[in-house]
$ cat data_18.cif   # mmCIF, C-alpha atoms and all ligand atoms
data_start
loop_
_atom_site.group_PDB
_atom_site.id
_atom_site.type_symbol
_atom_site.label_atom_id
_atom_site.label_comp_id
_atom_site.auth_asym_id
_atom_site.auth_seq_id
_atom_site.Cartn_x
_atom_site.Cartn_y
_atom_site.Cartn_z
ATOM 1 C CA MET A 1 130.002 78.911 104.161
ATOM 2 C CA SER A 2 133.290 80.683 104.776
ATOM 3 C CA GLY A 3 132.590 80.652 108.484
ATOM 4 C CA ALA A 4 132.709 76.889 108.312
ATOM 5 C CA LEU A 5 136.272 77.130 107.048
ATOM 6 C CA MET A 6 137.177 79.274 110.063
ATOM 7 C CA LEU A 7 138.855 81.829 107.836
ATOM 8 C CA PRO A 8 137.330 85.226 107.088
ATOM 9 C CA ALA A 9 136.269 85.672 103.475
ATOM 10 C CA ALA A 10 137.385 89.257 103.059
ATOM 11 C CA SER A 11 137.542 89.927 99.326
ATOM 12 C CA SER A 12 135.004 89.951 96.520
ATOM 13 C CA ALA A 13 136.595 86.810 95.051
ATOM 14 C CA ALA A 14 136.579 84.814 98.300
ATOM 15 C CA GLY A 15 132.942 83.677 98.196
ATOM 16 C CA ARG A 16 133.271 82.437 94.623
ATOM 17 C CA PHE A 17 136.354 80.359 95.385
ATOM 18 C CA ASP A 18 134.875 78.957 98.588
ATOM 19 C CA LEU A 19 131.842 77.782 96.651
ATOM 20 C CA LEU A 20 134.039 76.213 93.992
ATOM 21 C CA LEU A 21 136.104 74.437 96.632
ATOM 22 C CA LEU A 22 132.960 73.142 98.324
ATOM 23 C CA ALA A 23 131.602 71.835 95.000
ATOM 24 C CA LEU A 24 134.909 70.106 94.288
ATOM 25 C CA LEU A 25 134.982 68.568 97.758
ATOM 26 C CA VAL A 26 131.435 67.261 97.444
ATOM 27 C CA LEU A 27 131.972 65.925 93.940
ATOM 28 C CA CYS A 28 135.308 64.269 94.720
ATOM 29 C CA GLY A 29 133.884 62.963 97.986
ATOM 30 C CA LEU A 30 131.028 61.325 96.114
ATOM 31 C CA MET A 31 133.432 59.854 93.566
ATOM 32 C CA ALA A 32 135.741 58.526 96.255
ATOM 33 C CA LEU A 33 132.927 57.039 98.246
ATOM 34 C CA ALA A 34 131.430 55.583 95.039
ATOM 35 C CA LEU A 35 128.240 54.721 96.843
ATOM 36 C CA LEU A 36 127.578 51.654 94.693
ATOM 37 C CA VAL A 37 130.753 50.044 96.001
ATOM 38 C CA LEU A 38 129.241 50.144 99.476
ATOM 39 C CA VAL A 39 125.892 48.792 98.269
ATOM 40 C CA PHE A 40 127.514 45.936 96.353
ATOM 41 C CA SER A 41 129.980 45.019 99.052
ATOM 42 C CA ILE A 42 127.102 44.529 101.462
ATOM 43 C CA ARG A 43 124.751 42.842 99.026
ATOM 44 C CA TYR A 44 127.324 40.412 97.604
ATOM 45 C CA ARG A 45 129.350 39.842 100.782
ATOM 46 C CA ALA A 46 130.586 36.300 101.367
ATOM 47 C CA GLY A 47 127.740 34.109 102.478
ATOM 48 C CA SER A 48 124.924 36.420 101.389
ATOM 49 C CA PRO A 49 122.034 34.708 99.625
ATOM 50 C CA ALA A 50 122.020 37.300 96.754
ATOM 51 C CA ASP A 51 121.395 35.920 93.266
ATOM 52 C CA ARG A 52 124.691 35.535 91.433
ATOM 53 C CA SER A 53 123.469 33.701 88.339
ATOM 54 C CA GLY A 54 123.347 35.131 84.835
ATOM 55 C CA ALA A 55 125.640 38.104 85.461
ATOM 56 C CA ASN A 56 125.841 40.390 82.416
ATOM 57 C CA ARG A 57 129.249 40.279 80.785
ATOM 58 C CA GLN A 58 128.544 43.465 78.899
ATOM 59 C CA HIS A 59 126.316 46.416 79.586
ATOM 60 C CA ARG A 60 126.994 49.234 77.132
ATOM 61 C CA ALA A 61 124.476 51.689 78.557
ATOM 62 C CA LEU A 62 125.944 51.290 82.027
ATOM 63 C CA GLU A 63 129.512 51.770 80.787
ATOM 64 C CA TYR A 64 128.608 54.889 78.818
ATOM 65 C CA THR A 65 126.832 56.274 81.846
ATOM 66 C CA TRP A 66 129.668 55.841 84.311
ATOM 67 C CA THR A 67 132.142 57.264 81.811
ATOM 68 C CA LEU A 68 130.202 60.185 80.418
ATOM 69 C CA VAL A 69 128.421 61.463 83.533
ATOM 70 C CA PRO A 70 131.620 62.000 85.579
ATOM 71 C CA LEU A 71 133.303 63.435 82.485
ATOM 72 C CA ALA A 72 130.485 65.956 82.051
ATOM 73 C CA LEU A 73 130.537 66.833 85.761
ATOM 74 C CA PHE A 74 134.274 67.441 85.832
ATOM 75 C CA MET A 75 134.157 69.442 82.604
ATOM 76 C CA CYS A 76 131.548 71.668 84.266
ATOM 77 C CA ILE A 77 133.939 72.176 87.192
ATOM 78 C CA TYR A 78 136.690 73.000 84.717
ATOM 79 C CA ALA A 79 134.546 75.614 82.955
ATOM 80 C CA TRP A 80 133.413 77.078 86.272
ATOM 81 C CA ALA A 81 136.972 77.301 87.642
ATOM 82 C CA ALA A 82 138.308 78.740 84.379
ATOM 83 C CA TYR A 83 135.605 81.406 84.433
ATOM 84 C CA ASP A 84 136.367 82.375 88.046
ATOM 85 C CA TYR A 85 140.098 82.424 87.318
ATOM 86 C CA ALA A 86 139.579 84.710 84.320
ATOM 87 C CA GLN A 87 137.536 87.045 86.555
ATOM 88 C CA LEU A 88 140.675 87.635 88.632
ATOM 89 C CA PHE A 89 142.265 89.308 85.630
ATOM 90 C CA ARG A 90 139.285 91.452 84.740
ATOM 91 C CA VAL A 91 140.496 94.549 86.507
ATOM 92 C CA ALA A 92 138.373 97.654 86.943
ATOM 93 C CA PRO A 93 140.089 100.551 85.134
ATOM 94 C CA GLU A 94 139.835 102.733 88.249
ATOM 95 C CA ALA A 95 141.651 100.117 90.362
ATOM 96 C CA MET A 96 144.228 101.683 92.671
ATOM 97 C CA PRO A 97 147.737 100.642 91.603
ATOM 98 C CA VAL A 98 150.316 99.630 94.199
ATOM 99 C CA PHE A 99 153.865 98.622 93.321
ATOM 100 C CA VAL A 100 155.301 95.627 95.138
ATOM 101 C CA VAL A 101 158.971 94.647 95.223
ATOM 102 C CA ALA A 102 159.760 91.375 96.971
ATOM 103 C CA LYS A 103 163.235 90.597 98.242
ATOM 104 C CA GLN A 104 164.829 88.161 100.653
ATOM 105 C CA TRP A 105 163.022 88.487 103.047
ATOM 106 C CA MET A 106 160.564 91.310 102.979
ATOM 107 C CA TRP A 107 157.767 92.955 101.040
ATOM 108 C CA LYS A 108 158.338 96.540 99.923
ATOM 109 C CA LEU A 109 155.267 98.404 98.754
ATOM 110 C CA GLU A 110 154.787 101.814 97.237
ATOM 111 C CA HIS A 111 151.566 103.732 96.678
ATOM 112 C CA GLN A 112 150.899 106.030 93.763
ATOM 113 C CA ASN A 113 151.521 109.160 95.849
ATOM 114 C CA GLY A 114 154.923 107.866 96.943
ATOM 115 C CA ARG A 115 153.969 106.602 100.393
ATOM 116 C CA ARG A 116 156.032 103.510 101.090
ATOM 117 C CA GLU A 117 155.417 100.571 103.373
ATOM 118 C CA ILE A 118 157.363 97.515 104.427
ATOM 119 C CA ALA A 119 155.554 94.257 105.261
ATOM 120 C CA GLN A 120 152.280 96.157 105.530
ATOM 121 C CA LEU A 121 149.781 97.149 102.901
ATOM 122 C CA HIS A 122 146.991 99.597 103.674
ATOM 123 C CA VAL A 123 144.051 99.467 101.277
ATOM 124 C CA PRO A 124 140.586 101.066 101.168
ATOM 125 C CA LEU A 125 137.514 98.978 101.907
ATOM 126 C CA GLY A 126 135.341 98.140 98.893
ATOM 127 C CA LYS A 127 137.704 99.682 96.320
ATOM 128 C CA PRO A 128 139.519 97.609 93.697
ATOM 129 C CA VAL A 129 143.287 97.410 94.132
ATOM 130 C CA ARG A 130 145.782 96.300 91.517
ATOM 131 C CA LEU A 131 149.241 95.127 92.519
ATOM 132 C CA VAL A 132 152.116 95.318 90.052
ATOM 133 C CA MET A 133 154.781 93.040 91.486
ATOM 134 C CA THR A 134 158.346 92.045 90.835
ATOM 135 C CA SER A 135 161.194 90.450 92.750
ATOM 136 C CA GLN A 136 164.690 91.717 93.345
ATOM 137 C CA ASP A 137 166.163 88.239 93.754
ATOM 138 C CA VAL A 138 164.406 84.858 93.762
ATOM 139 C CA ILE A 139 160.813 83.737 93.211
ATOM 140 C CA HIS A 140 158.412 84.747 95.971
ATOM 141 C CA SER A 141 154.658 84.428 96.135
ATOM 142 C CA PHE A 142 152.150 86.973 97.415
ATOM 143 C CA PHE A 143 149.508 85.071 99.376
ATOM 144 C CA VAL A 144 146.562 86.485 101.311
ATOM 145 C CA PRO A 145 144.497 83.552 102.597
ATOM 146 C CA ALA A 146 141.557 85.671 103.752
ATOM 147 C CA PHE A 147 141.271 87.107 100.225
ATOM 148 C CA ARG A 148 141.794 83.680 98.585
ATOM 149 C CA ILE A 149 144.431 85.106 96.268
ATOM 150 C CA LYS A 150 147.983 84.061 95.549
ATOM 151 C CA GLN A 151 150.369 85.073 92.818
ATOM 152 C CA ASP A 152 154.010 84.257 92.208
ATOM 153 C CA VAL A 153 156.354 87.235 92.195
ATOM 154 C CA LEU A 154 159.193 86.736 89.743
ATOM 155 C CA PRO A 155 162.518 88.432 89.117
ATOM 156 C CA GLY A 156 162.777 89.867 85.616
ATOM 157 C CA ARG A 157 159.115 90.514 84.960
ATOM 158 C CA TYR A 158 155.922 91.889 86.415
ATOM 159 C CA THR A 159 153.041 89.821 87.653
ATOM 160 C CA MET A 160 149.707 91.382 88.550
ATOM 161 C CA LEU A 161 147.163 90.671 91.208
ATOM 162 C CA SER A 162 143.916 92.474 91.845
ATOM 163 C CA PHE A 163 141.330 92.247 94.561
ATOM 164 C CA THR A 164 138.529 94.202 96.223
ATOM 165 C CA PRO A 165 138.506 93.995 100.042
ATOM 166 C CA THR A 166 135.036 93.494 101.485
ATOM 167 C CA GLN A 167 135.855 93.560 105.198
ATOM 168 C CA ALA A 168 137.748 96.089 107.285
ATOM 169 C CA GLY A 169 140.470 94.671 109.495
ATOM 170 C CA ARG A 170 143.919 93.142 109.468
ATOM 171 C CA PHE A 171 144.715 90.072 107.410
ATOM 172 C CA HIS A 172 147.786 87.902 107.078
ATOM 173 C CA LEU A 173 150.126 88.229 104.135
ATOM 174 C CA PHE A 174 152.482 85.328 103.517
ATOM 175 C CA CYS A 175 155.219 84.467 101.085
ATOM 176 C CA ALA A 176 154.025 81.153 99.686
ATOM 177 C CA GLU A 177 157.135 80.182 97.755
ATOM 178 C CA TYR A 178 160.139 78.804 99.612
ATOM 179 C CA CYS A 179 162.692 81.556 99.062
ATOM 180 C CA GLY A 180 165.596 80.823 101.406
ATOM 181 C CA THR A 181 166.563 80.546 105.062
ATOM 182 C CA GLU A 182 164.197 83.155 106.420
ATOM 183 C CA HIS A 183 161.290 82.405 104.126
ATOM 184 C CA SER A 184 159.025 81.724 107.092
ATOM 185 C CA LEU A 185 159.698 85.227 108.421
ATOM 186 C CA MET A 186 158.601 86.860 105.165
ATOM 187 C CA ARG A 187 155.198 87.740 106.520
ATOM 188 C CA GLY A 188 153.135 90.850 106.502
ATOM 189 C CA GLU A 189 149.745 92.338 107.005
ATOM 190 C CA ILE A 190 147.010 93.736 104.806
ATOM 191 C CA ILE A 191 145.211 96.511 106.651
ATOM 192 C CA VAL A 192 141.791 97.325 105.228
ATOM 193 C CA LEU A 193 140.501 100.755 106.265
ATOM 194 C CA PRO A 194 137.210 102.539 105.512
ATOM 195 C CA PRO A 195 137.814 104.769 102.432
ATOM 196 C CA ALA A 196 137.839 108.090 104.329
ATOM 197 C CA GLN A 197 140.265 106.781 106.923
ATOM 198 C CA PHE A 198 142.418 105.290 104.184
ATOM 199 C CA ALA A 199 142.547 108.616 102.313
ATOM 200 C CA GLU A 200 143.689 110.271 105.517
ATOM 201 C CA TRP A 201 146.321 107.607 106.132
ATOM 202 C CA LEU A 202 147.573 107.858 102.552
ATOM 203 C CA ALA A 203 147.843 111.643 102.611
ATOM 204 C CA GLN A 204 149.925 111.584 105.800
ATOM 205 C CA GLY A 205 152.846 109.810 104.233
ATOM 206 C CA ALA A 206 152.823 111.398 100.799
ATOM 207 C CA ALA A 207 156.381 111.604 99.644
ATOM 208 C CA THR A 208 157.711 114.658 97.889
ATOM 209 C CA PRO A 209 158.094 114.208 95.076
ATOM 210 C CA GLY A 210 155.418 111.543 94.596
ATOM 211 C CA ILE A 211 156.221 108.433 92.628
ATOM 212 C CA ALA A 212 154.929 109.846 89.332
ATOM 213 C CA ALA A 213 156.804 113.132 89.811
ATOM 214 C CA ARG A 214 159.941 111.141 90.605
ATOM 215 C CA GLY A 215 159.196 109.130 87.454
ATOM 216 C CA PHE A 216 159.093 112.321 85.408
ATOM 217 C CA GLU A 217 162.444 113.362 86.818
ATOM 218 C CA LEU A 218 163.887 109.931 85.913
ATOM 219 C CA TYR A 219 162.220 110.108 82.500
ATOM 220 C CA ARG A 220 164.341 113.168 81.842
ATOM 221 C CA ARG A 221 167.462 112.031 83.674
ATOM 222 C CA TYR A 222 167.699 108.722 81.780
ATOM 223 C CA GLY A 223 167.159 110.649 78.564
ATOM 224 C CA CYS A 224 163.777 109.124 77.625
ATOM 225 C CA SER A 225 162.373 112.575 76.934
ATOM 226 C CA GLY A 226 165.153 113.328 74.469
ATOM 227 C CA CYS A 227 163.652 110.911 71.913
ATOM 228 C CA HIS A 228 160.089 110.213 73.042
ATOM 229 C CA GLU A 229 158.768 113.764 73.353
ATOM 230 C CA PRO A 230 156.723 114.875 70.347
ATOM 231 C CA GLY A 231 159.094 117.745 69.452
ATOM 232 C CA SER A 232 162.343 115.770 69.732
ATOM 233 C CA SER A 233 164.723 115.413 66.809
ATOM 234 C CA VAL A 234 165.032 111.616 67.088
ATOM 235 C CA HIS A 235 161.987 109.755 65.810
ATOM 236 C CA ALA A 236 160.702 107.511 68.664
ATOM 237 C CA PRO A 237 157.186 106.357 69.622
ATOM 238 C CA ASP A 238 155.076 108.838 71.591
ATOM 239 C CA LEU A 239 154.526 107.474 75.101
ATOM 240 C CA HIS A 240 151.555 109.611 76.144
ATOM 241 C CA GLY A 241 148.514 107.441 76.792
ATOM 242 C CA LEU A 242 150.619 104.351 76.068
ATOM 243 C CA LEU A 243 149.300 102.006 78.786
ATOM 244 C CA GLY A 244 146.332 100.065 77.460
ATOM 245 C CA ARG A 245 146.954 101.155 73.875
ATOM 246 C CA THR A 246 147.153 98.577 71.059
ATOM 247 C CA VAL A 247 150.657 98.545 69.611
ATOM 248 C CA HIS A 248 151.502 97.179 66.171
ATOM 249 C CA LEU A 249 154.988 95.724 65.908
ATOM 250 C CA GLN A 250 157.451 95.561 63.041
ATOM 251 C CA ASP A 251 157.174 91.768 62.783
ATOM 252 C CA GLY A 252 153.398 91.868 62.391
ATOM 253 C CA ARG A 253 152.497 91.076 65.992
ATOM 254 C CA THR A 254 150.058 93.211 67.911
ATOM 255 C CA LEU A 255 149.996 93.675 71.667
ATOM 256 C CA ILE A 256 148.292 95.764 74.287
ATOM 257 C CA ALA A 257 150.797 97.924 76.105
ATOM 258 C CA ASP A 258 150.952 97.064 79.810
ATOM 259 C CA GLU A 259 153.561 97.437 82.531
ATOM 260 C CA ASN A 260 155.495 94.385 81.328
ATOM 261 C CA TYR A 261 155.706 95.861 77.839
ATOM 262 C CA VAL A 262 157.131 99.132 79.153
ATOM 263 C CA ARG A 263 159.599 97.262 81.361
ATOM 264 C CA ASP A 264 160.738 95.048 78.471
ATOM 265 C CA SER A 265 161.084 98.062 76.201
ATOM 266 C CA ILE A 266 163.443 99.700 78.692
ATOM 267 C CA LEU A 267 165.560 96.615 79.401
ATOM 268 C CA LEU A 268 165.216 94.669 76.132
ATOM 269 C CA PRO A 269 164.410 97.320 73.533
ATOM 270 C CA ASP A 270 165.030 94.971 70.584
ATOM 271 C CA LYS A 271 162.327 92.561 71.689
ATOM 272 C CA ASP A 272 159.244 94.447 70.514
ATOM 273 C CA ILE A 273 160.110 96.978 67.809
ATOM 274 C CA VAL A 274 157.160 99.226 67.038
ATOM 275 C CA ALA A 275 156.103 99.171 63.371
ATOM 276 C CA GLY A 276 157.584 102.095 61.469
ATOM 277 C CA PHE A 277 160.499 102.686 63.877
ATOM 278 C CA LYS A 278 164.174 101.759 63.752
ATOM 279 C CA PRO A 279 165.717 99.578 66.504
ATOM 280 C CA ILE A 280 167.960 102.363 67.788
ATOM 281 C CA MET A 281 166.968 102.483 71.437
ATOM 282 C CA PRO A 282 169.802 101.446 73.796
ATOM 283 C CA SER A 283 169.108 98.941 76.579
ATOM 284 C CA PHE A 284 169.052 100.235 80.139
ATOM 285 C CA ALA A 285 169.630 96.792 81.660
ATOM 286 C CA GLY A 286 171.967 97.020 84.642
ATOM 287 C CA GLN A 287 171.672 100.811 84.809
ATOM 288 C CA ILE A 288 168.185 101.246 86.174
ATOM 289 C CA SER A 289 166.638 99.799 89.348
ATOM 290 C CA GLU A 290 163.249 98.123 89.627
ATOM 291 C CA GLU A 291 162.012 101.061 91.692
ATOM 292 C CA ASP A 292 163.077 103.542 89.017
ATOM 293 C CA ILE A 293 161.306 101.571 86.274
ATOM 294 C CA MET A 294 158.178 101.471 88.409
ATOM 295 C CA ALA A 295 158.379 105.239 88.923
ATOM 296 C CA ILE A 296 158.659 105.852 85.182
ATOM 297 C CA ILE A 297 155.628 103.619 84.644
ATOM 298 C CA ALA A 298 153.738 105.592 87.288
ATOM 299 C CA TYR A 299 154.613 108.783 85.404
ATOM 300 C CA LEU A 300 153.400 107.272 82.111
ATOM 301 C CA ARG A 301 150.214 106.158 83.799
ATOM 302 C CA GLU A 302 149.579 109.708 84.911
ATOM 303 C CA GLN A 303 149.873 110.851 81.307
ATOM 304 C CA GLN A 304 146.859 108.737 80.368
ATOM 305 C CA PRO A 305 144.213 110.845 78.621
HETATM 306 CU CU CU B 1 159.676 84.887 99.758
#

$ encode --input "data_18.cif" --output "structure tokens"
Amino acid sequence: MSGALMLPAASSAAGRFDLLLLALLVLCGLMALALLVLVFSIRYRAGSPADRSGANRQHRALEYTWTLVPLALFMCIYAWAAYDYAQLFRVAPEAMPVFVVAKQWMWKLEHQNGRREIAQLHVPLGKPVRLVMTSQDVIHSFFVPAFRIKQDVLPGRYTMLSFTPTQAGRFHLFCAEYCGTEHSLMRGEIIVLPPAQFAEWLAQGAATPGIAARGFELYRRYGCSGCHEPGSSVHAPDLHGLLGRTVHLQDGRTLIADENYVRDSILLPDKDIVAGFKPIMPSFAGQISEEDIMAIIAYLREQQP
């Protein structure tokens, strides 16, 4: 099927979306053609001897049919598409995290061990990958046609994207949101390598310290450890094993701690006060870079039990 579209289907989601697109095309094609229109326009064309007497002015059964059948069909498409869309956000816990920072006009990527890339992303074949993305300036959009995935990348928050490559090779990466003069040059490449080769590639560029180790350094330098370590004198929430944990807030809300929650807590500490704690944390807005926040998150992720 994907061959017919002349685009490789190189991720686990690609086949599902191709099928959905085909179903939509067929269904909409049938609706647009409305075969009966053709039949009637031939049968009742000017001059045809077809019987025109005693035309029904009302035909309830017919009206219900042509209203309810298309409605049911399109609701099925809706349910199908909603299910597939939700699948995109069901991320395997072992998915390999990669941090992405978009800026005018390039993609900057950083792997967990600190290896950095620009406009290129190496990933292992058949292994789930999870991108945590943010923008340094305007809205960009991370688009990999061969994977059938696209996600806006916004300043001021994280958006996530996950995929599992199913084909080795090189695939186009585009920015799919007009982001300024050189938007069209904001391209890149996803390079899918067999797992062993990928591991080798990754190890070659390991930075010292790695991103998590750098995060730990920052965690101390920005003073996080002064309040958040179990033995500290100031009473602040323990951050070990935070990601994925359910957090109860002062105002009665509950949330699951993810990267956005950590980011907000650093920049907008008054937004989500944890139940049982005082709002005494200072904001780090304007003092900490996106890369530094990502490194601290990488450190916290490594503290997961
Ligand atoms: Cu862009």

$ residues_near_ligand --input "data_18.cif" --ligand "ligand CU 1 (chain B)" --cutoff "12 Å" --atoms "all atoms listed in the file" --output "CSV table (one decimal) with C-alpha atoms, in the coordinates of the input"
chain,number,residue,atom,x,y,z
A,101,VAL,CA,159.0,94.6,95.2
A,102,ALA,CA,159.8,91.4,97.0
A,103,LYS,CA,163.2,90.6,98.2
A,104,GLN,CA,164.8,88.2,100.7
A,105,TRP,CA,163.0,88.5,103.0
A,106,MET,CA,160.6,91.3,103.0
A,107,TRP,CA,157.8,93.0,101.0
A,108,LYS,CA,158.3,96.5,99.9
A,119,ALA,CA,155.6,94.3,105.3
A,134,THR,CA,158.3,92.0,90.8
A,135,SER,CA,161.2,90.4,92.8
A,136,GLN,CA,164.7,91.7,93.3
A,137,ASP,CA,166.2,88.2,93.8
A,138,VAL,CA,164.4,84.9,93.8
A,139,ILE,CA,160.8,83.7,93.2
A,140,HIS,CA,158.4,84.7,96.0
A,141,SER,CA,154.7,84.4,96.1
A,142,PHE,CA,152.2,87.0,97.4
A,143,PHE,CA,149.5,85.1,99.4
A,151,GLN,CA,150.4,85.1,92.8
A,152,ASP,CA,154.0,84.3,92.2
A,153,VAL,CA,156.4,87.2,92.2
A,154,LEU,CA,159.2,86.7,89.7
A,155,PRO,CA,162.5,88.4,89.1
A,173,LEU,CA,150.1,88.2,104.1
A,174,PHE,CA,152.5,85.3,103.5
A,175,CYS,CA,155.2,84.5,101.1
A,176,ALA,CA,154.0,81.2,99.7
A,177,GLU,CA,157.1,80.2,97.8
A,178,TYR,CA,160.1,78.8,99.6
A,179,CYS,CA,162.7,81.6,99.1
A,180,GLY,CA,165.6,80.8,101.4
A,181,THR,CA,166.6,80.5,105.1
A,182,GLU,CA,164.2,83.2,106.4
A,183,HIS,CA,161.3,82.4,104.1
A,184,SER,CA,159.0,81.7,107.1
A,185,LEU,CA,159.7,85.2,108.4
A,186,MET,CA,158.6,86.9,105.2
A,187,ARG,CA,155.2,87.7,106.5
A,188,GLY,CA,153.1,90.8,106.5

$ residues_around --input "data_18.cif" --residues "Gly205 (chain A)" --least-positions-apart "4" --cutoff "12 Å" --atoms "all atoms listed in the file" --output "number ranges by chain"
A: 110-117, 122, 198-201, 209-210

$ closest_residue --input "data_18.cif" --among "A:Arg253, A:Arg16, A:Arg157, A:Arg245" --to "Trp80 (chain A)" --atoms "all atoms listed in the file"
A:Arg16

$ atom_distance --input "data_18.cif" --atom1 "CA of Arg214 (chain A)" --atom2 "CA of Pro194 (chain A)"
28.5 Å

$ axis_aligned_box --input "data_18.cif" --around "region 170-181 of chain A" --padding-each-side "6 Å" --output "AutoDock Vina command-line options"
--center_x 155.2 --center_y 86.0 --center_z 103.6 --size_x 34.6 --size_y 26.3 --size_z 23.7

$ residues_around --input "data_18.cif" --residues "Phe40 (chain A)" --least-positions-apart "6" --cutoff "12 Å" --atoms "only C-alpha atoms" --output "list of chain:residue names"
A:Ala34, A:Ala46, A:Ser48, A:Ala50, A:Arg52

$ atom_distance --input "data_18.cif" --atom1 "CA of Asp84 (chain A)" --atom2 "CA of Val26 (chain A)"
18.5 Å

$ residues_around --input "data_18.cif" --residues "Pro269 (chain A)" --least-positions-apart "2" --cutoff "10 Å" --atoms "only C-alpha atoms" --output "list in words"
Tyr261, Val262, Arg263, Asp264, Ser265, Ile266, Leu267, Lys271, Asp272, Ile273, Val274, Pro279, Ile280, Met281, Pro282, Ser283, Phe284 and Ala285 of chain A

$ closest_residue --input "data_18.cif" --among "A:Arg60, A:Arg301, A:Arg130, A:Arg45" --to "Ala92 (chain A)" --atoms "all atoms listed in the file"
A:Arg130

$ decode --input "data_18.cif" --residues "region 249-254 of chain A" --atoms "all heavy atoms" --output "CSV table (one decimal), in the first residue's frame"
chain,number,residue,atom,x,y,z
A,249,LEU,N,-1.8,18.1,44.4
A,249,LEU,CA,-1.5,19.5,44.6
A,249,LEU,C,-2.4,20.1,45.7
A,249,LEU,O,-3.4,19.6,46.1
A,249,LEU,CB,-1.7,20.2,43.3
A,249,LEU,CG,-0.9,19.7,42.1
A,249,LEU,CD1,-1.2,20.5,40.8
A,249,LEU,CD2,0.6,19.7,42.4
A,250,GLN,N,-1.9,21.3,46.2
A,250,GLN,CA,-2.5,22.0,47.2
A,250,GLN,C,-4.0,22.3,46.9
A,250,GLN,O,-4.8,22.2,47.8
A,250,GLN,CB,-1.7,23.3,47.4
A,250,GLN,CG,-2.0,24.1,48.7
A,250,GLN,CD,-1.2,23.4,49.8
A,250,GLN,OE1,-1.5,22.3,50.3
A,250,GLN,NE2,-0.2,24.1,50.3
A,251,ASP,N,-4.3,22.7,45.7
A,251,ASP,CA,-5.6,23.1,45.3
A,251,ASP,C,-6.5,21.9,45.0
A,251,ASP,O,-7.6,22.0,44.4
A,251,ASP,CB,-5.6,24.1,44.1
A,251,ASP,CG,-4.9,23.5,42.9
A,251,ASP,OD1,-4.6,22.3,42.9
A,251,ASP,OD2,-4.6,24.3,42.0
A,252,GLY,N,-6.1,20.7,45.3
A,252,GLY,CA,-6.9,19.5,45.1
A,252,GLY,C,-6.7,18.8,43.8
A,252,GLY,O,-7.2,17.7,43.6
A,253,ARG,N,-6.0,19.4,42.8
A,253,ARG,CA,-5.7,18.8,41.5
A,253,ARG,C,-4.7,17.6,41.7
A,253,ARG,O,-3.9,17.6,42.7
A,253,ARG,CB,-5.2,19.8,40.5
A,253,ARG,CG,-6.3,20.7,39.9
A,253,ARG,CD,-5.7,21.6,38.9
A,253,ARG,NE,-4.6,22.5,39.5
A,253,ARG,CZ,-3.5,22.8,39.0
A,253,ARG,NH1,-3.1,22.3,37.8
A,253,ARG,NH2,-2.6,23.6,39.6
A,254,THR,N,-4.8,16.7,40.8
A,254,THR,CA,-3.8,15.6,40.8
A,254,THR,C,-3.2,15.6,39.4
A,254,THR,O,-3.9,15.9,38.4
A,254,THR,CB,-4.5,14.3,41.0
A,254,THR,OG1,-5.3,14.4,42.2
A,254,THR,CG2,-3.5,13.2,41.2
